[in-house]
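data-v5.tsv follows (TSV, C-alpha atoms):
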```tsv
chain	number	residue	atom	x	y	z
J	1	MET	CA	25.26	14.70	-10.07
J	2	GLY	CA	24.52	13.41	-13.60
J	3	GLY	CA	22.47	15.14	-16.28
J	4	GLU	CA	19.43	12.96	-15.61
J	5	ASP	CA	19.57	13.78	-11.89
J	6	ARG	CA	19.78	17.49	-12.64
J	7	ARG	CA	16.72	17.23	-14.84
J	8	ALA	CA	14.88	15.31	-12.11
J	9	VAL	CA	15.70	17.96	-9.53
J	10	ALA	CA	14.81	20.80	-11.85
J	11	ALA	CA	11.49	19.17	-12.62
J	12	ALA	CA	10.45	19.67	-9.02
J	13	GLY	CA	10.10	23.34	-9.71
J	14	ASP	CA	8.05	23.00	-12.89
J	15	VAL	CA	4.71	24.69	-13.10
J	16	GLY	CA	2.13	21.94	-13.19
J	17	ALA	CA	-1.60	21.47	-13.03
J	18	PRO	CA	-3.42	23.90	-10.76
J	19	ARG	CA	-3.85	22.78	-7.19
J	20	PRO	CA	-7.37	21.93	-6.11
J	21	ALA	CA	-9.31	24.57	-4.22
J	22	ARG	CA	-9.47	24.06	-0.47
J	23	GLY	CA	-13.10	22.94	-0.65
J	24	ARG	CA	-12.21	20.20	-3.15
J	25	SER	CA	-9.24	18.82	-1.22
J	26	ALA	CA	-11.41	16.57	0.98
J	27	GLN	CA	-13.21	15.19	-2.08
J	28	LEU	CA	-9.89	14.60	-3.85
J	29	ALA	CA	-8.48	12.83	-0.78
J	30	LEU	CA	-11.53	10.56	-0.63
J	31	VAL	CA	-11.27	9.65	-4.32
J	32	LEU	CA	-7.51	9.11	-4.38
J	33	GLY	CA	-7.57	7.33	-1.01
J	34	SER	CA	-10.24	4.95	-2.30
J	35	LEU	CA	-8.22	4.26	-5.45
J	36	SER	CA	-5.03	3.60	-3.49
J	37	ALA	CA	-6.93	1.29	-1.11
J	38	PHE	CA	-8.13	-0.99	-3.94
J	39	GLY	CA	-5.39	-3.52	-3.22
J	40	ALA	CA	-5.99	-3.87	0.52
J	41	LEU	CA	-9.75	-3.86	0.07
J	42	THR	CA	-9.67	-6.56	-2.60
J	43	ILE	CA	-7.33	-8.79	-0.60
J	44	ASP	CA	-8.99	-8.47	2.80
J	45	MET	CA	-12.67	-8.55	1.84
J	46	TYR	CA	-12.61	-12.05	0.38
J	47	LEU	CA	-10.39	-13.70	3.01
J	48	PRO	CA	-13.37	-14.97	5.08
J	49	ALA	CA	-14.84	-16.53	1.93
J	50	MET	CA	-11.88	-18.71	0.97
J	51	PRO	CA	-13.04	-21.96	2.65
J	52	GLY	CA	-16.46	-21.66	1.02
J	53	MET	CA	-14.87	-20.97	-2.36
J	54	ALA	CA	-12.83	-24.18	-2.14
J	55	ARG	CA	-15.96	-26.20	-1.34
J	56	GLU	CA	-18.19	-24.71	-4.05
J	57	LEU	CA	-15.53	-24.83	-6.77
J	58	HIS	CA	-14.56	-28.41	-5.78
J	59	THR	CA	-10.89	-27.53	-5.48
J	60	SER	CA	-8.16	-27.55	-2.85
J	61	ALA	CA	-7.36	-24.86	-0.31
J	62	PRO	CA	-3.84	-24.26	-1.78
J	63	LEU	CA	-5.36	-23.50	-5.18
J	64	VAL	CA	-7.76	-21.01	-3.64
J	65	GLN	CA	-4.84	-19.47	-1.73
J	66	LEU	CA	-3.08	-19.19	-5.08
J	67	THR	CA	-5.70	-16.62	-6.10
J	68	LEU	CA	-4.27	-14.38	-3.37
J	69	THR	CA	-0.68	-14.89	-4.53
J	70	VAL	CA	-1.62	-14.18	-8.14
J	71	PHE	CA	-3.36	-10.98	-7.11
J	72	VAL	CA	-0.36	-9.69	-5.14
J	73	ILE	CA	2.02	-10.47	-8.03
J	74	GLY	CA	-0.29	-8.74	-10.51
J	75	LEU	CA	-0.60	-5.75	-8.21
J	76	ALA	CA	3.19	-5.38	-8.06
J	77	VAL	CA	3.88	-5.97	-11.76
J	78	GLY	CA	0.95	-3.84	-12.87
J	79	GLN	CA	2.34	-0.81	-11.07
J	80	VAL	CA	5.62	-1.05	-12.99
J	81	ILE	CA	3.66	-1.10	-16.27
J	82	VAL	CA	1.09	1.60	-15.51
J	83	GLY	CA	3.40	4.11	-13.79
J	84	PRO	CA	5.74	4.81	-16.73
J	85	LEU	CA	2.82	4.73	-19.19
J	86	SER	CA	1.12	7.48	-17.21
J	87	ASP	CA	4.23	9.66	-17.52
J	88	THR	CA	3.68	9.51	-21.29
J	89	TRP	CA	-0.11	9.34	-21.65
J	90	GLY	CA	-1.12	11.39	-18.63
J	91	ARG	CA	-2.82	10.01	-15.52
J	92	ARG	CA	-6.47	10.08	-16.55
J	93	ARG	CA	-6.49	7.65	-19.48
J	94	PRO	CA	-4.58	4.81	-17.72
J	95	LEU	CA	-6.70	5.34	-14.61
J	96	LEU	CA	-9.95	5.01	-16.55
J	97	ILE	CA	-8.70	1.92	-18.37
J	98	GLY	CA	-7.40	0.37	-15.14
J	99	THR	CA	-10.60	1.01	-13.17
J	100	ALA	CA	-12.68	-0.48	-16.00
J	101	MET	CA	-10.39	-3.55	-15.97
J	102	TYR	CA	-10.92	-3.83	-12.22
J	103	VAL	CA	-14.70	-3.85	-12.66
J	104	ALA	CA	-14.48	-6.43	-15.45
J	105	GLY	CA	-12.11	-8.62	-13.43
J	106	SER	CA	-14.37	-8.49	-10.37
J	107	LEU	CA	-17.40	-9.58	-12.42
J	108	TRP	CA	-15.30	-12.31	-14.03
J	109	CYS	CA	-14.45	-13.63	-10.55
J	110	ALA	CA	-18.09	-13.48	-9.48
J	111	LEU	CA	-19.12	-15.62	-12.47
J	112	ALA	CA	-16.13	-18.00	-12.45
J	113	PRO	CA	-17.28	-21.64	-12.90
J	114	ASN	CA	-13.99	-23.10	-11.64
J	115	VAL	CA	-10.74	-22.09	-9.99
J	116	GLY	CA	-8.95	-21.67	-13.33
J	117	TRP	CA	-11.40	-19.00	-14.41
J	118	LEU	CA	-11.15	-17.44	-10.95
J	119	LEU	CA	-7.37	-17.14	-11.32
J	120	GLY	CA	-7.83	-15.41	-14.68
J	121	GLY	CA	-10.28	-12.96	-13.16
J	122	ARG	CA	-7.92	-12.21	-10.29
J	123	ILE	CA	-5.11	-11.38	-12.73
J	124	LEU	CA	-7.33	-8.88	-14.57
J	125	GLN	CA	-8.60	-7.50	-11.28
J	126	SER	CA	-5.06	-7.04	-9.92
J	127	LEU	CA	-3.84	-5.15	-12.98
J	128	GLY	CA	-6.78	-2.78	-12.65
J	129	ALA	CA	-6.17	-2.30	-8.94
J	130	ALA	CA	-2.51	-1.52	-9.67
J	131	ALA	CA	-3.55	1.50	-11.73
J	132	GLY	CA	-5.43	3.04	-8.83
J	133	THR	CA	-2.61	2.30	-6.37
J	134	VAL	CA	0.24	3.77	-8.41
J	135	LEU	CA	-1.61	6.69	-9.98
J	136	ALA	CA	-3.05	7.99	-6.71
J	137	ARG	CA	0.51	8.72	-5.53
J	138	ALA	CA	1.50	10.19	-8.90
J	139	ILE	CA	-1.50	12.53	-8.98
J	140	VAL	CA	-0.67	13.82	-5.50
J	141	ARG	CA	2.86	14.55	-6.71
J	142	ASP	CA	1.47	16.38	-9.75
J	143	LEU	CA	-0.69	18.67	-7.64
J	144	PHE	CA	1.31	19.32	-4.46
J	145	GLU	CA	4.78	20.39	-3.33
J	146	GLY	CA	6.79	20.09	-0.14
J	147	THR	CA	4.93	20.09	3.17
J	148	ALA	CA	1.55	20.37	1.44
J	149	MET	CA	2.30	17.09	-0.35
J	150	THR	CA	3.27	15.40	2.92
J	151	ARG	CA	0.07	16.58	4.60
J	152	PHE	CA	-2.01	15.28	1.71
J	153	PHE	CA	-0.31	11.88	1.87
J	154	SER	CA	-1.12	11.89	5.59
J	155	THR	CA	-4.78	12.49	4.73
J	156	LEU	CA	-4.75	9.51	2.36
J	157	MET	CA	-3.76	7.33	5.32
J	158	VAL	CA	-7.31	7.73	6.66
J	159	VAL	CA	-8.83	5.73	3.81
J	160	ASN	CA	-5.81	3.40	3.54
J	161	GLY	CA	-6.03	2.63	7.24
J	162	VAL	CA	-9.79	2.16	7.31
J	163	ALA	CA	-9.89	-0.28	4.37
J	164	PRO	CA	-8.06	-3.17	6.10
J	165	ILE	CA	-10.27	-2.68	9.18
J	166	VAL	CA	-13.67	-2.75	7.50
J	167	ALA	CA	-12.96	-5.09	4.57
J	168	PRO	CA	-12.94	-8.40	6.50
J	169	VAL	CA	-16.00	-7.29	8.47
J	170	ILE	CA	-17.93	-6.46	5.30
J	171	GLY	CA	-16.86	-9.74	3.72
J	172	GLY	CA	-17.87	-11.72	6.78
J	173	GLN	CA	-21.28	-10.06	6.97
J	174	LEU	CA	-21.94	-10.66	3.28
J	175	LEU	CA	-21.32	-14.37	3.78
J	176	THR	CA	-24.14	-14.52	6.33
J	177	VAL	CA	-26.68	-13.61	3.63
J	178	ALA	CA	-25.06	-14.66	0.34
J	179	SER	CA	-22.33	-16.82	-1.20
J	180	TRP	CA	-18.72	-15.80	-1.79
J	181	ARG	CA	-19.69	-14.53	-5.24
J	182	ALA	CA	-21.47	-11.60	-3.60
J	183	VAL	CA	-18.09	-10.31	-2.36
J	184	PHE	CA	-16.87	-9.88	-5.92
J	185	VAL	CA	-20.19	-8.34	-7.00
J	186	VAL	CA	-19.78	-5.72	-4.26
J	187	LEU	CA	-16.18	-5.08	-5.34
J	188	ALA	CA	-17.36	-4.65	-8.94
J	189	ALA	CA	-20.02	-2.19	-7.77
J	190	LEU	CA	-17.49	-0.19	-5.77
J	191	GLY	CA	-15.19	-0.12	-8.79
J	192	ALA	CA	-18.03	1.06	-11.04
J	193	VAL	CA	-18.88	3.89	-8.65
J	194	LEU	CA	-15.25	5.00	-8.55
J	195	LEU	CA	-15.05	4.79	-12.34
J	196	LEU	CA	-17.97	7.21	-12.63
J	197	VAL	CA	-16.45	9.49	-10.01
J	198	VAL	CA	-13.16	9.59	-11.93
J	199	VAL	CA	-14.98	10.28	-15.22
J	200	PHE	CA	-16.95	13.23	-13.87
J	201	THR	CA	-14.80	14.75	-11.11
J	202	LEU	CA	-11.10	13.96	-11.64
J	203	PRO	CA	-9.43	16.02	-14.39
J	204	GLU	CA	-6.03	15.33	-15.91
J	205	SER	CA	-3.25	16.30	-13.49
J	206	LEU	CA	-0.20	15.96	-15.78
J	207	PRO	CA	0.04	18.76	-18.38
J	208	ALA	CA	1.09	17.77	-21.89
J	209	GLY	CA	4.26	19.83	-21.60
J	210	ARG	CA	5.54	17.70	-18.72
J	211	ARG	CA	4.93	14.30	-20.28
J	212	ALA	CA	7.79	11.97	-21.13
J	213	PRO	CA	8.55	10.88	-24.72
J	214	ALA	CA	6.80	7.67	-25.78
J	215	HIS	CA	9.97	5.61	-26.19
J	216	PRO	CA	11.15	2.50	-24.30
J	217	ARG	CA	14.66	3.94	-24.11
J	218	GLU	CA	13.37	6.97	-22.20
J	219	THR	CA	11.50	4.70	-19.79
J	220	LEU	CA	14.65	2.68	-19.12
J	221	ARG	CA	16.61	5.90	-18.65
J	222	THR	CA	14.04	7.10	-16.13
J	223	PHE	CA	14.33	3.90	-14.10
J	224	ARG	CA	18.14	4.17	-14.26
J	225	VAL	CA	17.91	7.68	-12.81
J	226	LEU	CA	15.65	6.39	-10.01
J	227	VAL	CA	17.72	3.36	-9.00
J	228	THR	CA	20.96	5.39	-8.98
J	229	ASP	CA	19.51	8.29	-7.00
J	230	TRP	CA	20.25	7.35	-3.38
J	231	HIS	CA	18.27	10.34	-2.11
J	232	TYR	CA	15.15	8.76	-3.66
J	233	LEU	CA	16.07	5.14	-3.07
J	234	ARG	CA	16.79	5.37	0.64
J	235	TYR	CA	13.33	6.80	1.37
J	236	VAL	CA	11.68	4.16	-0.83
J	237	LEU	CA	13.61	1.40	0.93
J	238	ALA	CA	12.78	2.84	4.35
J	239	ALA	CA	9.06	2.83	3.45
J	240	ALA	CA	9.27	-0.67	1.94
J	241	LEU	CA	11.09	-2.14	4.96
J	242	MET	CA	8.62	-0.57	7.39
J	243	PHE	CA	5.76	-1.90	5.25
J	244	ALA	CA	7.43	-5.33	5.44
J	245	ALA	CA	7.51	-5.11	9.24
J	246	VAL	CA	3.77	-4.43	9.32
J	247	PHE	CA	3.13	-7.09	6.67
J	248	ALA	CA	4.88	-9.61	8.93
J	249	TYR	CA	2.40	-8.64	11.64
J	250	ILE	CA	-0.55	-8.97	9.24
J	251	SER	CA	0.65	-12.39	8.02
J	252	GLY	CA	1.54	-13.86	11.39
J	253	SER	CA	-0.56	-12.20	14.09
J	254	SER	CA	-3.62	-14.39	13.64
J	255	PHE	CA	-1.52	-17.51	14.36
J	256	VAL	CA	0.40	-15.90	17.22
J	257	LEU	CA	-2.58	-14.30	18.97
J	258	GLN	CA	-5.23	-16.96	18.35
J	259	ASP	CA	-3.20	-20.16	18.51
J	260	GLY	CA	-0.55	-18.93	20.93
J	261	HIS	CA	-2.57	-16.69	23.25
J	262	GLY	CA	-6.07	-18.14	22.84
J	263	LEU	CA	-7.83	-15.08	21.41
J	264	THR	CA	-11.15	-15.78	19.72
J	265	PRO	CA	-11.66	-14.61	16.11
J	266	GLN	CA	-13.80	-11.75	17.45
J	267	GLN	CA	-11.13	-10.68	19.93
J	268	PHE	CA	-8.47	-10.89	17.24
J	269	SER	CA	-10.60	-8.73	14.92
J	270	LEU	CA	-10.84	-6.14	17.70
J	271	VAL	CA	-7.05	-6.10	18.15
J	272	PHE	CA	-6.57	-5.87	14.39
J	273	GLY	CA	-9.03	-2.99	14.21
J	274	VAL	CA	-7.40	-1.06	17.05
J	275	ASN	CA	-4.00	-1.31	15.39
J	276	GLY	CA	-5.50	-0.18	12.08
J	277	LEU	CA	-7.12	2.75	13.84
J	278	GLY	CA	-3.70	3.61	15.28
J	279	ILE	CA	-2.30	3.87	11.74
J	280	VAL	CA	-5.12	6.25	10.79
J	281	LEU	CA	-4.71	8.45	13.87
J	282	LEU	CA	-0.92	8.66	13.56
J	283	GLY	CA	-1.27	9.53	9.88
J	284	GLN	CA	-3.57	12.40	10.81
J	285	ALA	CA	-1.26	13.51	13.62
J	286	ASN	CA	1.58	13.61	11.10
J	287	GLY	CA	-0.38	16.03	8.94
J	288	LEU	CA	-0.78	18.33	11.93
J	289	LEU	CA	2.84	18.08	13.06
J	290	VAL	CA	4.75	18.37	9.79
J	291	GLY	CA	5.90	21.89	9.07
J	292	ARG	CA	4.67	23.10	12.46
J	293	VAL	CA	6.52	21.01	15.04
J	294	ALA	CA	9.09	19.19	12.91
J	295	ASP	CA	10.05	18.56	9.29
J	296	GLU	CA	9.55	15.35	7.32
J	297	HIS	CA	13.07	14.05	7.97
J	298	THR	CA	12.75	14.41	11.75
J	299	LEU	CA	9.29	12.85	11.89
J	300	LEU	CA	10.39	9.95	9.70
J	301	ARG	CA	13.52	9.24	11.70
J	302	THR	CA	11.66	9.48	15.03
J	303	SER	CA	8.81	7.21	13.93
J	304	LEU	CA	11.24	4.57	12.63
J	305	ALA	CA	13.15	4.68	15.92
J	306	VAL	CA	9.89	4.19	17.85
J	307	ALA	CA	8.86	1.35	15.50
J	308	THR	CA	12.22	-0.34	16.03
J	309	LEU	CA	11.81	-0.11	19.81
J	310	GLY	CA	8.29	-1.47	19.47
J	311	GLY	CA	9.62	-4.38	17.41
J	312	LEU	CA	12.28	-5.04	20.03
J	313	GLY	CA	9.53	-5.06	22.65
J	314	VAL	CA	7.53	-7.62	20.63
J	315	LEU	CA	10.65	-9.78	20.39
J	316	ALA	CA	11.24	-9.52	24.15
J	317	CYS	CA	7.62	-10.49	24.84
J	318	ALA	CA	7.91	-13.52	22.58
J	319	ALA	CA	11.30	-14.61	23.92
J	320	PHE	CA	10.48	-14.26	27.62
J	321	GLY	CA	6.78	-15.16	27.52
J	322	LEU	CA	5.64	-11.77	28.85
J	323	PRO	CA	1.89	-11.23	29.47
J	324	LEU	CA	-0.48	-10.61	26.57
J	325	PRO	CA	-1.14	-6.90	27.45
J	326	ALA	CA	2.59	-6.18	27.11
J	327	LEU	CA	2.68	-7.91	23.72
J	328	LEU	CA	-0.38	-5.99	22.48
J	329	ALA	CA	1.09	-2.66	23.63
J	330	CYS	CA	4.37	-3.33	21.80
J	331	LEU	CA	2.53	-4.46	18.66
J	332	PHE	CA	0.46	-1.27	18.68
J	333	THR	CA	3.59	0.85	19.13
J	334	ALA	CA	5.34	-0.76	16.16
J	335	VAL	CA	2.39	-1.06	13.78
J	336	CYS	CA	0.81	2.37	14.14
J	337	MET	CA	4.08	4.13	13.16
J	338	LEU	CA	3.30	3.09	9.57
J	339	GLY	CA	0.92	6.05	9.38
J	340	ILE	CA	3.81	8.48	9.88
J	341	VAL	CA	6.45	6.56	7.96
J	342	LEU	CA	4.59	6.09	4.67
J	343	ALA	CA	3.39	9.70	4.44
J	344	ASN	CA	6.81	11.25	5.05
J	345	ALA	CA	8.91	8.69	3.17
J	346	THR	CA	6.68	8.85	0.09
J	347	SER	CA	6.70	12.63	0.06
J	348	LEU	CA	10.49	12.83	0.43
J	349	ALA	CA	11.06	10.16	-2.22
J	350	MET	CA	8.79	11.81	-4.79
J	351	ALA	CA	10.00	15.36	-4.19
J	352	ARG	CA	12.85	15.28	-6.72
J	353	HIS	CA	11.04	13.36	-9.46
J	354	ARG	CA	7.94	15.31	-10.34
J	355	SER	CA	8.30	14.80	-14.10
J	356	ALA	CA	8.66	11.04	-13.57
J	357	ALA	CA	6.12	10.68	-10.76
J	358	GLY	CA	4.47	7.66	-12.37
J	359	ALA	CA	7.71	5.71	-12.67
J	360	ALA	CA	8.83	6.79	-9.19
J	361	SER	CA	5.51	5.69	-7.70
J	362	SER	CA	5.60	2.36	-9.53
J	363	LEU	CA	9.10	1.50	-8.32
J	364	GLN	CA	8.07	2.29	-4.75
J	365	GLY	CA	5.05	0.00	-5.04
J	366	LEU	CA	7.09	-2.81	-6.57
J	367	LEU	CA	9.75	-2.70	-3.86
J	368	GLN	CA	7.15	-2.60	-1.10
J	369	PHE	CA	5.50	-5.79	-2.26
J	370	LEU	CA	8.75	-7.60	-3.13
J	371	ILE	CA	10.39	-6.86	0.23
J	372	ALA	CA	7.21	-7.53	2.20
J	373	GLY	CA	6.65	-10.81	0.35
J	374	ALA	CA	10.25	-11.90	0.92
J	375	ALA	CA	10.01	-11.07	4.63
J	376	ALA	CA	6.73	-12.96	5.04
J	377	SER	CA	8.09	-15.98	3.14
J	378	THR	CA	11.26	-16.07	5.27
J	379	MET	CA	9.16	-15.86	8.42
J	380	SER	CA	7.19	-18.93	7.30
J	381	LEU	CA	10.16	-21.09	6.28
J	382	PRO	CA	9.87	-23.47	9.28
J	383	GLY	CA	6.41	-24.44	7.97
J	384	HIS	CA	4.43	-22.51	10.54
J	385	VAL	CA	4.57	-19.00	11.96
J	386	THR	CA	5.92	-18.67	15.50
J	387	ALA	CA	5.83	-15.65	17.78
J	388	ILE	CA	9.64	-15.46	17.72
J	389	ALA	CA	9.73	-15.52	13.90
J	390	MET	CA	7.10	-12.79	13.58
J	391	ALA	CA	8.72	-10.63	16.25
J	392	ALA	CA	12.23	-11.01	14.83
J	393	THR	CA	11.02	-10.14	11.34
J	394	MET	CA	9.25	-7.00	12.60
J	395	PHE	CA	12.28	-5.87	14.60
J	396	LEU	CA	14.83	-6.55	11.85
J	397	CYS	CA	12.76	-4.86	9.13
J	398	ALA	CA	12.06	-1.76	11.22
J	399	GLY	CA	15.70	-1.60	12.30
J	400	ALA	CA	16.88	-1.98	8.69
J	401	ALA	CA	14.55	0.87	7.67
J	402	LEU	CA	16.08	3.11	10.32
J	403	ALA	CA	19.61	2.13	9.28
J	404	THR	CA	18.80	2.79	5.60
J	405	LEU	CA	17.50	6.23	6.47
J	406	GLY	CA	20.70	6.98	8.37
J	407	ALA	CA	22.88	6.42	5.31
J	408	ARG	CA	23.97	9.68	3.68
J	409	PRO	CA	22.65	10.35	0.16
J	410	LYS	CA	25.26	10.61	-2.57
```
Would you mind giving the structure from this file in structure tokens?
Amino acid sequence: MGGEDRRAVAAAGDVGAPRPARGRSAQLALVLGSLSAFGALTIDMYLPAMPGMARELHTSAPLVQLTLTVFVIGLAVGQVIVGPLSDTWGRRRPLLIGTAMYVAGSLWCALAPNVGWLLGGRILQSLGAAAGTVLARAIVRDLFEGTAMTRFFSTLMVVNGVAPIVAPVIGGQLLTVASWRAVFVVLAALGAVLLLVVVFTLPESLPAGRRAPAHPRETLRTFRVLVTDWHYLRYVLAAALMFAAVFAYISGSSFVLQDGHGLTPQQFSLVFGVNGLGIVLLGQANGLLVGRVADEHTLLRTSLAVATLGGLGVLACAAFGLPLPALLACLFTAVCMLGIVLANATSLAMARHRSAAGAASSLQGLLQFLIAGAAASTMSLPGHVTAIAMAATMFLCAGAALATLGARPK
């Protein structure tokens, strides 16, 4: 083990910021969960508005879809910038700046006179959302250790799971009474509320004595430690590959279930909501099981094995034309395991890098979006999404996550 690795391991035992009192844990989970859900909320809430945006801005559908691509890229890149900065500046200042940028970007989008201005607003919005996403994980690592950290990550899955369920519904209902611009006004208002909450209720979690030197060479050294630490990297890759499996479902299920099986948009929304609820419930079950019934390693390995079997079931349903109930059951089995996988994999990955929690969190976020984006793009290469392509992507990604976890750390 190199000197940097020894320092990373030793940092896990450092005395850090005081843990929140039991009565404040629920409030902290709500705040951090809301911050980490910025990305999903901002993507999903405006999806129903995209056709109307193209018409009002007198532009093409591909250009409006580009606003989604730009946001995802900004969300990934922003995490790599904000995470290491927070290891030097502390968590609070970058979080305040990022949340303010999110509010400004949302208002910019709401007032955009054309698609060019809308793209600019989405870039600013994505960089702000990245701060909430990456720093929520880093703050949890600052405040918690071991099983307590895993349980808190499981609690965050409540908000993270609810956001994708309610966001399209809220967006759709807003469009019945207002234009697409109202979606971004609501997002700006939510960001402003969270900004005030952070200002008045969320203290700094990274003590000055544990902050990294403000030097680019130190940042590069930190990333070198992370990418050469297989103990960290295998858990990050397992989480990213499982996230890619679920992202393949998110990207392709509307085509498979509506075009292929004749579900109405309302029926599809119900299926989507049930699977999202499964993620929430499994995340909560993980918090109850870890440390009492099994440890993080066992729960992670078991959930990935179940997800792989679920993906194989989806592939069998697609290949042999099995009835819709069988397909839905296999989809639920595969998708809901994300609630267990993310909580345990994130906790295990962050455990040895407390003094570099911002950088460790940012690299995890970057890999999740890169691998998920690559998987979704590969799935769509034929020009349209088929049930076989979606199912194969889910099975291969879940299986690769399980295989990665099985590799021995160096």
* Give as a VMD selection string the set of residues within 12 Å of the point (-9.9, 0.7, -15.5), where distances use the file's coordinates and all atoms listed in the file. => chain J and resid 35 38 82 91 to 106 124 to 133 135 188 191 to 196 198 to 199
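Of the listed residues (J:Met149, J:Cys397, J:Ala239, J:Ala54), J:Cys397 comes nearest to Gly310 (chain J); the distances count only C-alpha atoms.
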Which polymer residues, protein or nucleic acid, are no farther than 9 Å from (1.6, -10.2, 7.5), counting all atoms listed in the file, as a compact mmCIF listing (two decimals) with C-alpha atoms, keeping the file's coordinate frame?
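What landed in point01.txt:
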```
# COMPACT_ATOMS: atom_id res chain seq x y z
CA ALA J 244 7.43 -5.33 5.44
CA ALA J 245 7.51 -5.11 9.24
CA VAL J 246 3.77 -4.43 9.32
CA PHE J 247 3.13 -7.09 6.67
CA ALA J 248 4.88 -9.61 8.93
CA TYR J 249 2.40 -8.64 11.64
CA ILE J 250 -0.55 -8.97 9.24
CA SER J 251 0.65 -12.39 8.02
CA GLY J 252 1.54 -13.86 11.39
CA SER J 253 -0.56 -12.20 14.09
CA ALA J 372 7.21 -7.53 2.20
CA GLY J 373 6.65 -10.81 0.35
CA ALA J 375 10.01 -11.07 4.63
CA ALA J 376 6.73 -12.96 5.04
CA MET J 390 7.10 -12.79 13.58
```
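Between CA of Phe71 (chain J) and CA of Thr59 (chain J) lies a distance of 18.3 Å.
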* Could you tell me how far CA of Met53 (chain J) lies from CA of Asn114 (chain J), in Å and to one decimal? =>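 Value for the CA of Met53 (chain J)-CA of Asn114 (chain J) distance: 9.6 Å.
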* To do: Can you work out which one of J:Leu300, J:Cys317, J:Leu328, J:Ala343 has the shortest atom-to-atom distance to Leu270 (chain J), counting only C-alpha atoms?
  =>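 The answer is J:Leu328, which sits nearest to Leu270 (chain J).
CA of Leu396 (chain J) is positioned 10.0 Å from CA of Leu315 (chain J).
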* Determine, counting all atoms listed in the file, which protein, DNA and RNA residues have an atom within 12 Å of an atom of Gln65 (chain J); residues of the same chain fewer than 6 positions away are not included. Present the result as a PyMOL selection string. => chain J and resi 43+46-51+53-54+59+71-72+115+118-119+122
The selected residues should be written to file as an mmCIF file, keeping the file's coordinate frame (atoms: C-alpha atoms).
```
data_model
loop_
_atom_site.group_PDB
_atom_site.id
_atom_site.type_symbol
_atom_site.label_atom_id
_atom_site.label_comp_id
_atom_site.auth_asym_id
_atom_site.auth_seq_id
_atom_site.Cartn_x
_atom_site.Cartn_y
_atom_site.Cartn_z
ATOM 1 C CA ILE J 43 -7.330 -8.790 -0.600
ATOM 2 C CA TYR J 46 -12.610 -12.050 0.380
ATOM 3 C CA LEU J 47 -10.390 -13.700 3.010
ATOM 4 C CA PRO J 48 -13.370 -14.970 5.080
ATOM 5 C CA ALA J 49 -14.840 -16.530 1.930
ATOM 6 C CA MET J 50 -11.880 -18.710 0.970
ATOM 7 C CA PRO J 51 -13.040 -21.960 2.650
ATOM 8 C CA MET J 53 -14.870 -20.970 -2.360
ATOM 9 C CA ALA J 54 -12.830 -24.180 -2.140
ATOM 10 C CA THR J 59 -10.890 -27.530 -5.480
ATOM 11 C CA PHE J 71 -3.360 -10.980 -7.110
ATOM 12 C CA VAL J 72 -0.360 -9.690 -5.140
ATOM 13 C CA VAL J 115 -10.740 -22.090 -9.990
ATOM 14 C CA LEU J 118 -11.150 -17.440 -10.950
ATOM 15 C CA LEU J 119 -7.370 -17.140 -11.320
ATOM 16 C CA ARG J 122 -7.920 -12.210 -10.290
#
```
All residues 12 Å or closer to region 215-218 of chain J, all atoms listed in the file, same chain fewer than 3 positions away omitted, as a PDB file with C-alpha atoms, keeping the file's coordinate frame:
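Saved the output as out.pdb:
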```
ATOM      1  CA  GLU J   4      19.430  12.960 -15.610  1.00  0.00           C
ATOM      2  CA  ILE J  81       3.660  -1.100 -16.270  1.00  0.00           C
ATOM      3  CA  PRO J  84       5.740   4.810 -16.730  1.00  0.00           C
ATOM      4  CA  LEU J  85       2.820   4.730 -19.190  1.00  0.00           C
ATOM      5  CA  ASP J  87       4.230   9.660 -17.520  1.00  0.00           C
ATOM      6  CA  THR J  88       3.680   9.510 -21.290  1.00  0.00           C
ATOM      7  CA  TRP J  89      -0.110   9.340 -21.650  1.00  0.00           C
ATOM      8  CA  ARG J 211       4.930  14.300 -20.280  1.00  0.00           C
ATOM      9  CA  ALA J 212       7.790  11.970 -21.130  1.00  0.00           C
ATOM     10  CA  ARG J 221      16.610   5.900 -18.650  1.00  0.00           C
ATOM     11  CA  THR J 222      14.040   7.100 -16.130  1.00  0.00           C
ATOM     12  CA  PHE J 223      14.330   3.900 -14.100  1.00  0.00           C
ATOM     13  CA  ARG J 224      18.140   4.170 -14.260  1.00  0.00           C
ATOM     14  CA  VAL J 225      17.910   7.680 -12.810  1.00  0.00           C
ATOM     15  CA  ALA J 356       8.660  11.040 -13.570  1.00  0.00           C
ATOM     16  CA  ALA J 359       7.710   5.710 -12.670  1.00  0.00           C
TER      17      ALA J 359
END
```
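Of the residues under consideration (J:Ile340, J:Leu220, J:Leu237, J:Met157), J:Ile340 shows the shortest atom-to-atom contact distance to Arg301 (chain J) when counting all atoms listed in the file.
Counting all atoms listed in the file, the residue from J:Leu299, J:Pro203, J:Leu32, J:Asp44 that sits nearest to Ala136 (chain J) is J:Leu32.
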* Of the residues J:Leu338, J:Leu281, J:Ile123, J:Leu143, which is the one nearest to Leu206 (chain J), using all atoms listed in the file? ->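 Answer, going by the shortest atom-to-atom distance: J:Leu143.
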* Which residue, J:Val158, J:Leu41, J:Val236, J:Val185, has the smallest gap to Ala112 (chain J) when you use all atoms listed in the file? ->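 Selected residue with least distance to Ala112 (chain J): J:Val185.
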What are the centre and edge lengths in Å, to one decimal, of the axis-aligned box around all listed atoms of region 76-79 of chain J with 6 Å added on each side, as lines of an AutoDock Vina configuration file?
```
center_x = 2.4
center_y = -3.4
center_z = -10.5
size_x = 14.9
size_y = 17.2
size_z = 16.8
```
